[in-house]
Structures are given as C-alpha cells and as structure tokens.
$ cat input-v1.tsv   # TSV, C-alpha atoms (C1' of nucleotides)
chain	number	residue	atom	x	y	z
A	1	MET	CA	67.30	122.92	44.43
A	2	SER	CA	66.75	120.58	47.33
A	3	GLN	CA	64.53	122.56	49.66
A	4	GLY	CA	64.04	119.90	52.28
A	5	ILE	CA	62.48	116.45	52.27
A	6	THR	CA	59.86	115.63	54.88
A	7	ILE	CA	60.38	112.71	57.23
A	8	GLY	CA	57.52	110.90	55.54
A	9	ASN	CA	59.11	111.20	52.12
A	10	VAL	CA	62.58	110.27	53.27
A	11	SER	CA	60.96	107.30	54.98
A	12	GLN	CA	59.24	106.20	51.76
A	13	ALA	CA	62.36	106.72	49.68
A	14	SER	CA	64.70	104.91	52.08
A	15	GLY	CA	62.34	102.22	53.29
A	16	VAL	CA	63.00	103.12	56.92
A	17	LYS	CA	59.89	103.74	59.02
A	18	VAL	CA	59.25	107.21	60.41
A	19	PRO	CA	59.57	106.31	64.12
A	20	THR	CA	62.75	104.40	63.32
A	21	ILE	CA	64.27	107.48	61.68
A	22	ARG	CA	63.52	109.51	64.79
A	23	TYR	CA	65.02	106.71	66.86
A	24	TYR	CA	68.20	106.76	64.74
A	25	GLU	CA	68.46	110.48	65.33
A	26	GLN	CA	68.01	109.96	69.06
A	27	ILE	CA	70.84	107.45	69.30
A	28	GLY	CA	73.08	109.66	67.16
A	29	LEU	CA	73.22	107.42	64.11
A	30	LEU	CA	71.67	110.06	61.91
A	31	PRO	CA	72.51	113.76	62.45
A	32	SER	CA	69.69	116.03	63.63
A	33	PRO	CA	68.41	117.79	60.53
A	34	PRO	CA	67.38	121.46	60.46
A	35	ARG	CA	63.73	122.23	61.19
A	36	THR	CA	61.17	124.20	59.23
A	37	GLU	CA	59.27	127.14	60.68
A	38	GLY	CA	56.64	124.71	61.86
A	39	ASN	CA	59.25	122.56	63.65
A	40	ARG	CA	59.24	119.75	61.09
A	41	ARG	CA	62.46	117.89	60.26
A	42	SER	CA	63.90	118.88	56.90
A	43	TYR	CA	66.18	116.33	55.23
A	44	ASP	CA	68.38	116.48	52.13
A	45	GLU	CA	69.86	114.03	49.62
A	46	ARG	CA	72.84	113.24	51.87
A	47	ASP	CA	70.50	112.17	54.64
A	48	LEU	CA	68.59	109.97	52.24
A	49	GLU	CA	71.83	108.28	51.14
A	50	ARG	CA	72.89	107.79	54.73
A	51	LEU	CA	69.55	106.27	55.62
A	52	THR	CA	69.69	103.95	52.64
A	53	PHE	CA	73.18	102.90	53.70
A	54	ILE	CA	71.88	102.21	57.19
A	55	ARG	CA	68.85	100.25	56.00
A	56	HIS	CA	70.92	98.17	53.66
A	57	SER	CA	73.47	97.42	56.38
A	58	ARG	CA	70.70	96.42	58.79
A	59	GLU	CA	69.20	94.15	56.15
A	60	LEU	CA	72.59	92.51	55.84
A	61	GLY	CA	72.48	91.92	59.58
A	62	PHE	CA	75.05	94.45	60.77
A	63	GLU	CA	74.54	95.82	64.25
A	64	ILE	CA	74.03	99.49	64.93
A	65	ASP	CA	77.51	99.84	66.41
A	66	GLU	CA	79.07	98.23	63.37
A	67	ILE	CA	77.11	100.58	61.15
A	68	ARG	CA	78.40	103.48	63.21
A	69	THR	CA	81.96	102.40	62.39
A	70	LEU	CA	81.13	101.77	58.75
A	71	LEU	CA	79.55	105.22	58.44
A	72	SER	CA	82.52	106.94	60.01
A	73	LEU	CA	84.78	105.10	57.58
A	74	GLN	CA	82.66	106.21	54.67
A	75	ASP	CA	83.14	109.80	55.76
A	76	ARG	CA	86.93	109.52	55.58
A	77	PRO	CA	87.70	107.98	52.16
A	78	ASP	CA	91.46	108.48	52.52
A	79	VAL	CA	91.75	105.98	55.36
A	80	SER	CA	92.57	102.27	54.93
A	81	CYS	CA	89.53	100.07	54.50
A	82	GLU	CA	91.02	97.38	56.71
A	83	ASP	CA	88.42	98.06	59.40
A	84	ALA	CA	85.48	97.74	57.02
A	85	ASP	CA	86.96	94.54	55.68
A	86	ALA	CA	87.41	93.17	59.19
A	87	ILE	CA	83.82	93.94	60.13
A	88	ALA	CA	82.46	92.30	57.00
A	89	SER	CA	84.71	89.25	57.39
A	90	ARG	CA	83.72	88.71	61.00
A	91	HIS	CA	80.12	89.10	59.98
A	92	LEU	CA	80.58	86.56	57.19
A	93	ALA	CA	81.97	84.05	59.67
A	94	ASP	CA	78.93	84.60	61.91
A	95	VAL	CA	76.57	84.08	59.01
A	96	LYS	CA	78.26	80.83	58.00
A	97	GLN	CA	78.00	79.59	61.57
A	98	LYS	CA	74.32	80.51	61.69
A	99	ILE	CA	73.60	78.68	58.45
A	100	ALA	CA	75.27	75.56	59.82
A	101	SER	CA	73.23	75.69	63.02
A	102	LEU	CA	69.99	76.33	61.19
A	103	THR	CA	70.60	73.50	58.76
A	104	ALA	CA	71.06	71.06	61.63
A	105	LEU	CA	67.93	72.49	63.18
A	106	GLN	CA	66.04	72.08	59.92
A	107	HIS	CA	66.89	68.37	59.78
A	108	GLU	CA	65.80	67.91	63.35
A	109	LEU	CA	62.50	69.67	62.77
A	110	GLU	CA	61.90	67.62	59.63
A	111	ARG	CA	62.50	64.47	61.62
A	112	MET	CA	60.00	65.68	64.21
A	113	VAL	CA	57.30	66.59	61.75
A	114	GLU	CA	57.73	63.54	59.54
A	115	GLY	CA	57.67	61.28	62.56
A	116	CYS	CA	54.41	62.74	63.79
A	117	SER	CA	51.72	60.11	63.63
A	118	HIS	CA	49.01	62.78	63.52
A	119	GLY	CA	47.31	60.93	66.29
A	120	ARG	CA	47.29	61.59	70.00
A	121	VAL	CA	49.95	63.41	71.96
A	122	GLU	CA	50.94	60.13	73.56
A	123	ASP	CA	52.58	58.99	70.33
A	124	CYS	CA	53.64	62.41	69.10
A	125	LYS	CA	57.23	62.58	67.92
A	126	VAL	CA	57.28	66.35	68.29
A	127	ILE	CA	56.54	66.31	72.00
A	128	ASP	CA	58.62	63.21	72.37
A	129	ILE	CA	61.80	64.63	70.93
A	130	LEU	CA	61.40	67.89	72.79
A	131	ALA	CA	60.97	66.06	76.07
A	132	ASP	CA	63.91	63.73	75.70
A	133	HIS	CA	67.11	65.42	74.77
A	134	GLY	CA	68.82	62.08	74.25
A	135	LYS	CA	66.67	61.31	71.22
A	136	CYS	CA	67.77	64.47	69.51
A	137	ARG	CA	70.56	64.68	66.95
A	138	PHE	CA	70.65	68.42	67.12
A	139	HIS	CA	72.97	69.92	69.70
A	140	ALA	CA	73.44	73.64	69.67
A	141	ASP	CA	76.13	75.18	71.81
A	142	HIS	CA	73.92	78.13	71.33
A	143	VAL	CA	72.19	79.23	68.19
A	144	PRO	CA	73.12	82.84	67.80
A	145	HIS	CA	70.26	85.02	66.60
A	146	LEU	CA	70.86	87.09	63.54
B	1	MET	CA	63.25	59.59	97.87
B	2	SER	CA	63.66	62.91	96.11
B	3	GLN	CA	64.02	65.36	98.96
B	4	GLY	CA	64.36	68.52	96.89
B	5	ILE	CA	66.93	69.71	94.39
B	6	THR	CA	68.48	73.14	94.85
B	7	ILE	CA	68.19	75.74	92.14
B	8	GLY	CA	71.92	75.48	91.54
B	9	ASN	CA	71.75	71.74	90.96
B	10	VAL	CA	68.67	71.89	88.77
B	11	SER	CA	70.47	74.61	86.83
B	12	GLN	CA	73.54	72.42	86.33
B	13	ALA	CA	71.48	69.40	85.40
B	14	SER	CA	69.22	71.23	82.94
B	15	GLY	CA	71.72	73.66	81.52
B	16	VAL	CA	69.47	76.63	82.31
B	17	LYS	CA	71.11	79.44	84.26
B	18	VAL	CA	69.89	80.20	87.77
B	19	PRO	CA	68.54	83.71	87.07
B	20	THR	CA	66.80	82.34	83.98
B	21	ILE	CA	65.04	79.68	86.06
B	22	ARG	CA	63.76	82.36	88.42
B	23	TYR	CA	62.70	84.37	85.39
B	24	TYR	CA	60.76	81.39	84.01
B	25	GLU	CA	58.99	81.07	87.34
B	26	GLN	CA	58.15	84.75	87.29
B	27	ILE	CA	56.53	84.58	83.85
B	28	GLY	CA	54.66	81.43	84.83
B	29	LEU	CA	56.48	79.04	82.52
B	30	LEU	CA	57.70	76.95	85.44
B	31	PRO	CA	55.48	76.42	88.50
B	32	SER	CA	56.64	77.95	91.78
B	33	PRO	CA	58.28	75.14	93.73
B	34	PRO	CA	57.88	74.66	97.47
B	35	ARG	CA	60.43	76.37	99.72
B	36	THR	CA	62.66	74.97	102.42
B	37	GLU	CA	62.66	76.31	105.95
B	38	GLY	CA	65.33	78.77	104.91
B	39	ASN	CA	63.21	80.01	101.96
B	40	ARG	CA	65.20	78.21	99.26
B	41	ARG	CA	63.42	76.79	96.20
B	42	SER	CA	63.10	73.03	96.32
B	43	TYR	CA	62.71	71.28	92.97
B	44	ASP	CA	61.96	67.67	92.02
B	45	GLU	CA	62.51	65.39	89.02
B	46	ARG	CA	59.39	66.64	87.23
B	47	ASP	CA	60.72	70.20	87.37
B	48	LEU	CA	64.03	69.07	86.00
B	49	GLU	CA	62.31	67.35	83.08
B	50	ARG	CA	60.20	70.40	82.42
B	51	LEU	CA	63.26	72.65	82.44
B	52	THR	CA	65.10	70.32	80.08
B	53	PHE	CA	62.09	70.37	77.77
B	54	ILE	CA	62.13	74.17	77.88
B	55	ARG	CA	65.84	74.46	77.25
B	56	HIS	CA	65.71	72.06	74.38
B	57	SER	CA	62.77	73.89	72.83
B	58	ARG	CA	64.56	77.23	73.18
B	59	GLU	CA	67.65	75.76	71.54
B	60	LEU	CA	65.45	74.71	68.66
B	61	GLY	CA	64.32	78.31	68.40
B	62	PHE	CA	60.77	78.03	69.74
B	63	GLU	CA	59.39	81.13	71.41
B	64	ILE	CA	58.28	81.16	75.01
B	65	ASP	CA	54.62	81.32	74.03
B	66	GLU	CA	55.02	78.33	71.72
B	67	ILE	CA	56.71	76.43	74.52
B	68	ARG	CA	53.81	77.31	76.78
B	69	THR	CA	51.45	75.63	74.30
B	70	LEU	CA	53.76	72.67	73.84
B	71	LEU	CA	54.02	72.18	77.60
B	72	SER	CA	50.26	72.30	78.07
B	73	LEU	CA	49.91	69.70	75.32
B	74	GLN	CA	52.45	67.49	77.01
B	75	ASP	CA	50.36	67.57	80.17
B	76	ARG	CA	47.29	66.22	78.35
B	77	PRO	CA	48.49	63.16	76.41
B	78	ASP	CA	44.98	62.12	75.36
B	79	VAL	CA	44.52	65.16	73.13
B	80	SER	CA	45.29	65.24	69.39
B	81	CYS	CA	48.83	66.32	68.61
B	82	GLU	CA	47.67	68.44	65.69
B	83	ASP	CA	48.62	71.62	67.52
B	84	ALA	CA	52.14	70.46	68.29
B	85	ASP	CA	52.55	69.40	64.69
B	86	ALA	CA	51.30	72.77	63.46
B	87	ILE	CA	53.73	74.65	65.68
B	88	ALA	CA	56.68	72.56	64.55
B	89	SER	CA	55.70	72.80	60.89
B	90	ARG	CA	55.34	76.55	60.99
B	91	HIS	CA	58.66	76.72	62.75
B	92	LEU	CA	60.24	74.53	60.10
B	93	ALA	CA	58.97	76.85	57.36
B	94	ASP	CA	60.50	79.82	59.20
B	95	VAL	CA	63.81	78.07	59.52
B	96	LYS	CA	63.91	77.22	55.81
B	97	GLN	CA	63.16	80.83	54.97
B	98	LYS	CA	65.93	82.00	57.27
B	99	ILE	CA	68.43	79.63	55.70
B	100	ALA	CA	67.53	80.95	52.26
B	101	SER	CA	67.98	84.56	53.36
B	102	LEU	CA	71.23	83.85	55.13
B	103	THR	CA	72.64	81.98	52.15
B	104	ALA	CA	71.92	84.93	49.88
B	105	LEU	CA	73.51	87.15	52.50
B	106	GLN	CA	76.55	84.90	52.68
B	107	HIS	CA	77.13	85.22	48.93
B	108	GLU	CA	76.76	88.96	49.12
B	109	LEU	CA	79.24	89.22	51.99
B	110	GLU	CA	81.68	86.99	50.15
B	111	ARG	CA	81.40	89.23	47.14
B	112	MET	CA	82.09	92.23	49.36
B	113	VAL	CA	85.08	90.76	51.11
B	114	GLU	CA	86.63	89.20	48.01
B	115	GLY	CA	86.18	92.45	46.11
B	116	CYS	CA	87.97	94.43	48.78
B	117	SER	CA	91.20	95.81	47.39
B	118	HIS	CA	92.65	96.11	50.91
B	119	GLY	CA	93.57	99.64	50.00
B	120	ARG	CA	91.85	102.88	50.81
B	121	VAL	CA	88.16	103.33	51.58
B	122	GLU	CA	87.77	105.10	48.26
B	123	ASP	CA	88.08	101.79	46.42
B	124	CYS	CA	86.54	99.62	49.09
B	125	LYS	CA	83.90	97.24	47.79
B	126	VAL	CA	82.47	96.78	51.27
B	127	ILE	CA	81.61	100.44	51.73
B	128	ASP	CA	80.70	100.69	48.09
B	129	ILE	CA	78.12	97.95	48.11
B	130	LEU	CA	76.63	99.11	51.37
B	131	ALA	CA	76.25	102.64	50.05
B	132	ASP	CA	74.64	101.72	46.75
B	133	HIS	CA	71.74	99.40	47.04
B	134	GLY	CA	71.59	99.01	43.26
B	135	LYS	CA	74.94	97.19	43.21
B	136	CYS	CA	73.69	94.58	45.61
B	137	ARG	CA	72.31	91.23	44.57
B	138	PHE	CA	70.88	90.57	48.00
B	139	HIS	CA	67.38	91.81	48.61
B	140	ALA	CA	65.73	90.86	51.85
B	141	ASP	CA	62.08	91.63	52.33
B	142	HIS	CA	63.16	91.32	55.85
B	143	VAL	CA	65.54	88.87	57.35
B	144	PRO	CA	63.69	87.42	60.28
B	145	HIS	CA	65.83	86.88	63.32
B	146	LEU	CA	65.91	83.46	64.80
C	1	DC	C1'	82.43	77.39	118.09
C	2	DG	C1'	84.01	80.79	114.80
C	3	DT	C1'	84.80	82.31	110.38
C	4	DA	C1'	85.26	82.27	105.57
C	5	DC	C1'	83.04	81.53	101.42
C	6	DA	C1'	79.60	79.66	98.34
C	7	DT	C1'	74.99	79.79	97.33
C	8	DC	C1'	70.75	81.58	97.85
C	9	DC	C1'	67.09	85.37	98.30
C	10	DT	C1'	64.52	89.81	96.38
C	11	DC	C1'	64.46	93.79	93.82
C	12	DT	C1'	65.47	97.10	90.26
C	13	DA	C1'	67.31	98.38	86.02
C	14	DG	C1'	69.64	97.52	81.60
C	15	DT	C1'	70.21	95.24	76.87
C	16	DG	C1'	69.12	95.91	71.35
C	17	DA	C1'	66.45	97.74	68.04
C	18	DC	C1'	62.84	99.09	67.69
C	19	DT	C1'	57.21	99.65	68.12
C	20	DA	C1'	52.92	101.50	70.09
C	21	DG	C1'	50.20	104.86	71.90
C	22	DA	C1'	48.80	109.34	74.10
C	23	DG	C1'	47.95	113.96	73.35
C	24	DG	C1'	48.54	117.83	70.67
C	25	DA	C1'	50.03	121.10	66.59
C	26	DG	C1'	50.52	122.18	61.67
C	27	DC	C1'	49.11	121.98	56.91
C	28	DA	C1'	46.65	121.25	52.40
C	29	DA	C1'	42.36	120.32	49.95
C	30	DG	C1'	37.51	120.83	49.29
D	1	DC	C1'	35.88	126.02	58.04
D	2	DT	C1'	36.40	121.62	58.68
D	3	DT	C1'	38.13	117.14	57.62
D	4	DG	C1'	41.86	114.35	57.65
D	5	DC	C1'	46.60	113.63	57.12
D	6	DT	C1'	51.20	114.22	58.62
D	7	DC	C1'	54.02	115.78	62.00
D	8	DC	C1'	55.72	116.80	66.95
D	9	DT	C1'	57.26	115.03	71.89
D	10	DC	C1'	57.09	111.86	75.42
D	11	DT	C1'	56.53	107.59	77.85
D	12	DA	C1'	56.21	102.84	78.04
D	13	DG	C1'	56.17	98.22	76.03
D	14	DT	C1'	58.36	94.30	73.41
D	15	DC	C1'	61.43	89.71	73.95
D	16	DA	C1'	64.20	86.84	76.62
D	17	DC	C1'	67.05	87.46	79.36
D	18	DT	C1'	71.37	89.55	82.10
D	19	DA	C1'	73.66	92.39	85.65
D	20	DG	C1'	74.15	94.18	89.96
D	21	DA	C1'	72.96	95.74	94.73
D	22	DG	C1'	72.33	94.38	99.26
D	23	DG	C1'	71.35	90.96	102.37
D	24	DA	C1'	70.29	86.02	104.36
D	25	DT	C1'	71.51	81.19	104.76
D	26	DG	C1'	74.18	76.94	104.47
D	27	DT	C1'	78.50	74.37	104.57
D	28	DA	C1'	83.40	73.16	105.23
D	29	DC	C1'	87.38	73.68	107.79
D	30	DG	C1'	90.31	74.75	111.73

$ encode --input "input-v1.tsv" --output "structure tokens"
Amino acid sequence: MSQGITIGNVSQASGVKVPTIRYYEQIGLLPSPPRTEGNRRSYDERDLERLTFIRHSRELGFEIDEIRTLLSLQDRPDVSCEDADAIASRHLADVKQKIASLTALQHELERMVEGCSHGRVEDCKVIDILADHGKCRFHADHVPHL
Amino acid sequence: MSQGITIGNVSQASGVKVPTIRYYEQIGLLPSPPRTEGNRRSYDERDLERLTFIRHSRELGFEIDEIRTLLSLQDRPDVSCEDADAIASRHLADVKQKIASLTALQHELERMVEGCSHGRVEDCKVIDILADHGKCRFHADHVPHL
DNA sequence: CGTACATCCTCTAGTGACTAGAGGAGCAAG
DNA sequence: CTTGCTCCTCTAGTCACTAGAGGATGTACG
C-alpha cells in the first residue's frame, strides 16, 4: 500500500517546507523516518497527519514546546484532556491580550497617519508622536509578539 | 550644564535596558558616546531623547531598520515627510491584518475550549480540531508575528 | 583608610523557529 | 548520456535581544 512518501511530497501535502521538516526531525518533533536505499527519507500517512497537526498548531500560534505536549497527549487518548484544555485556554488569553494591544496600536497609528500634513518633516505628526512619548495615547507594558 | 548621564540613569529614564543600549550602539542605532576617564559611557539629553524615540517606536512595533530611517528623517527636518508617512501607513496595514487574523484565531480557540468535554483525550475538541484541518474555520495564509 | 557592594566594562554564546547557501549524490526523462 | 530536478549533510545567518563569565571602577559607610 503506502510504500513511502518523499520529503517533497509530504511537504506539498502538509504545507510544511522541506527544510522545516528536516528541522522538525532534528529537534525531535517529528520521528526520524526510515531511509530508502539511496538514503532518502521515506514517510507514511501517520507522518503526514502529524505534520499537518504541527502546521495547523503553528498557524494557530502555538509554540513548539506546546505542540510537543499536544502531540504526546494525542498519542495517549485514554488520558484526561485537562492539559490540552489548559494550553488552549492560556493561549486564548494571550491572543485576547494581543488583540487589545494591537487595537490600541491601530488607533495610535491612525492618529499619526491622519495627522500627517504631507509636508515637511518639521510638521510631521508621525515623527512628532514618535519623538514625544507624552503626546501618545498608546502605552504598552510590552506588546507580546505572536 | 549636562555633565554626562551614566548608562544606568539613561536606561532608567528611557526605559531601555542597559544591555540593550549597548546593543543599539553596537548595531549603530545609537552613536557611541564619549567615555569618562574610567571608560564609562557618558550620555547627554540628545541621547536620552533618541533612546526614548527608539523605545517608543519599538513599542509601536516598528523594526530596527524602519527606526533607522525614521531617525535619519528626524535629523533632517527640511525634507518631505512622505517616507515617514509611508512607513507608518504600511505598518498600519500590517497591524490591521494582524488584528483580523488574531480575531479569527480567537474565535477558533474559543470554539476549541468551549467544545472541550473536560473528559478524556478521545473526545477532546482541542486535539480533535488541531488534528483535522478540515474541521477548522480558521485559515491563515500566514499569521505574521508582530 | 579599608572594605563591601553596586555599577560598569568587554566578550562570547544562547534564544526561537526557522531560512539560506555550499557542495555533492541520486534519479527520471528525453 | 546528459540535463535538470530532487535529495543529502553541514554550517551559518536571521531578528532583537538576553544571559553569563570575569574583571575594573566608583561610592557609601565605619
């Protein structure tokens, strides 16, 4: 039946780039597949599913370590899903926080751009607001990056 | 008058950490200040303003290279502020895009967490949705990180 | 004046999640 | 047979810092 998928094909099918797949193997996120006679990696359906799971999780902003936990949970379906729930909930809280920060940032940027007189730097609101923190309504404790 | 601010004080005043200030000097974002007899960096008000400008720009999510351009514009106030406007506008578009992605992501995570039966992994919506991309309403071309 | 301690110095290496490139081998089609 | 694609390993680079080693200097107190 399944006589081995090449790295290129598993890459196409999963949407994960070839060097990234090798990287995932290197950091132990994806098991090392068997090799062909010519030393090429030979994947199967399980690997493709795992890669798709990984890609999807990354798209949703989960970190590699979180994905590691999620994957290990998936492998033991008898265990409580409390951990998975906790990871997703924490992640949800992060996302909400990020949206709030970015929305404040959006308003500030709009104010900057709208205020720009399109003239000389001397009267430029953009430079102005950046230079003088006091004129700014946006105060990030720290905008966490996704 | 101003007889030199220590790196610690300029750090406190600007909100930029000491090693980060040295890093900014290293990459040429902040000019190398004169040194005291004992080889300590000696800053002035201009440096403090520049650092505050940098910190504020970073908080607003501008990249170092963008800040470099912004700073060079600030130094030549006679020039058209078109460039500054362009940078801010592009940045604003990015931010809007990010908010859209994150909002979709938020809904998806809520769906995951709410659907979680708090039982065994077998019935866990979190794992379920992650595993099967088809069940997911969230499709990121790529969620750009802030 | 001594001593404790904070602050400063330089330098190297590590972070996360990849991405790029060198240099070479295998494989399939024309 | 040769062209061109995919694959292999390995190292190093990206971004914006952060951490830590190992040592010098400056300051406050007794």

$ atom_distance --input "input-v1.tsv" --atom1 "CA of Glu66 (chain B)" --atom2 "CA of Leu105 (chain B)"
28.1 Å

$ closest_residue --input "input-v1.tsv" --among "A:Arg35, A:Arg40, A:Arg68, A:Lys96" --to "chain B" --atoms "all atoms listed in the file"
A:Lys96

$ interface_residues --input "input-v1.tsv" --of "chain B" --to "chain D" --cutoff "9 Å" --atoms "all atoms listed in the file" --output "PyMOL selection string"
chain B and resi 19-20+23+38-40+64

$ interface_residues --input "input-v1.tsv" --of "chain C" --to "chain B" --cutoff "8 Å" --atoms "only C-alpha atoms (C1' of nucleotides)" --output "PyMOL selection string"
chain C and resi 7-9

$ closest_residue --input "input-v1.tsv" --among "B:Asp94, B:Glu82, B:Ala104, B:Gln3" --to "chain A" --atoms "all atoms listed in the file"
B:Glu82

$ atom_distance --input "input-v1.tsv" --atom1 "CA of Val16 (chain A)" --atom2 "C1' of DG21 (chain C)"
19.8 Å

$ closest_residue --input "input-v1.tsv" --among "A:Val18, A:Ile129, A:Val121, A:Ile67" --to "chain B" --atoms "only C-alpha atoms"
A:Val121

$ closest_residue --input "input-v1.tsv" --among "A:Glu37, A:Glu114, A:Ile27, A:Val79" --to "chain B" --atoms "only C-alpha atoms"
A:Val79

$ atom_distance --input "input-v1.tsv" --atom1 "CA of Leu71 (chain A)" --atom2 "CA of Arg22 (chain A)"
17.8 Å

$ closest_residue --input "input-v1.tsv" --among "B:Ile54, B:Cys81, B:Ala93, B:Met112" --to "chain A" --atoms "only C-alpha atoms"
B:Cys81

$ residues_around --input "input-v1.tsv" --residues "Val95 (chain B)" --least-positions-apart "2" --cutoff "10 Å" --atoms "only C-alpha atoms (C1' of nucleotides)" --output "list in words"
Ile99, Leu102, Thr103, Leu105, Gln106 and Leu109 of chain A; Leu60, Gly61, Ser89, Arg90, His91, Leu92, Ala93, Gln97, Lys98, Ile99, Ala100, Ser101, Pro144, His145 and Leu146 of chain B

$ closest_residue --input "input-v1.tsv" --among "A:Ser42, A:Ser80, A:Leu29, A:Lys125" --to "chain B" --atoms "all atoms listed in the file"
A:Ser80

$ residues_near_point --input "input-v1.tsv" --point "(84.6, 100.3, 58.9)" --cutoff "6 Å" --atoms "all atoms listed in the file" --output "list in words"
Thr69, Leu70, Leu73, Asp83 and Ala84 of chain A

$ decode --input "input-v1.tsv" --residues "region 61-103 of chain A" --atoms "C-alpha atoms" --output "compact mmCIF listing (two decimals), in the first residue's frame"
# COMPACT_ATOMS: atom_id res chain seq x y z
CA GLY A 61 0.26 30.36 17.18
CA PHE A 62 1.22 27.50 19.48
CA GLU A 63 4.88 27.23 20.36
CA ILE A 64 6.94 24.18 19.52
CA ASP A 65 7.05 23.10 23.16
CA GLU A 66 3.30 23.36 23.45
CA ILE A 67 2.93 21.30 20.30
CA ARG A 68 5.24 18.72 21.81
CA THR A 69 2.84 18.38 24.74
CA LEU A 70 -0.20 18.36 22.49
CA LEU A 71 1.32 15.63 20.33
CA SER A 72 2.18 13.47 23.31
CA LEU A 73 -1.40 13.86 24.53
CA GLN A 74 -2.73 12.83 21.15
CA ASP A 75 -0.71 9.65 21.39
CA ARG A 76 -2.37 8.65 24.67
CA PRO A 77 -6.13 9.01 24.08
CA ASP A 78 -7.04 7.43 27.43
CA VAL A 79 -5.58 10.31 29.43
CA SER A 80 -7.55 13.34 30.65
CA CYS A 81 -7.57 16.23 28.22
CA GLU A 82 -7.16 18.74 31.03
CA ASP A 83 -3.65 19.59 29.84
CA ALA A 84 -4.71 20.27 26.27
CA ASP A 85 -7.54 22.41 27.55
CA ALA A 86 -5.16 24.35 29.79
CA ILE A 87 -2.76 25.01 26.93
CA ALA A 88 -5.52 26.22 24.64
CA SER A 89 -7.08 28.38 27.35
CA ARG A 90 -3.80 30.05 28.22
CA HIS A 91 -3.21 30.60 24.55
CA LEU A 92 -6.67 32.13 24.17
CA ALA A 93 -5.93 34.57 26.97
CA ASP A 94 -2.69 35.57 25.23
CA VAL A 95 -4.49 36.12 21.96
CA LYS A 96 -7.13 38.32 23.58
CA GLN A 97 -4.38 40.38 25.20
CA LYS A 98 -2.60 40.74 21.87
CA ILE A 99 -5.76 41.89 20.13
CA ALA A 100 -6.29 44.54 22.79
CA SER A 101 -2.74 45.83 22.43
CA LEU A 102 -2.88 45.84 18.66
CA THR A 103 -6.19 47.67 18.62
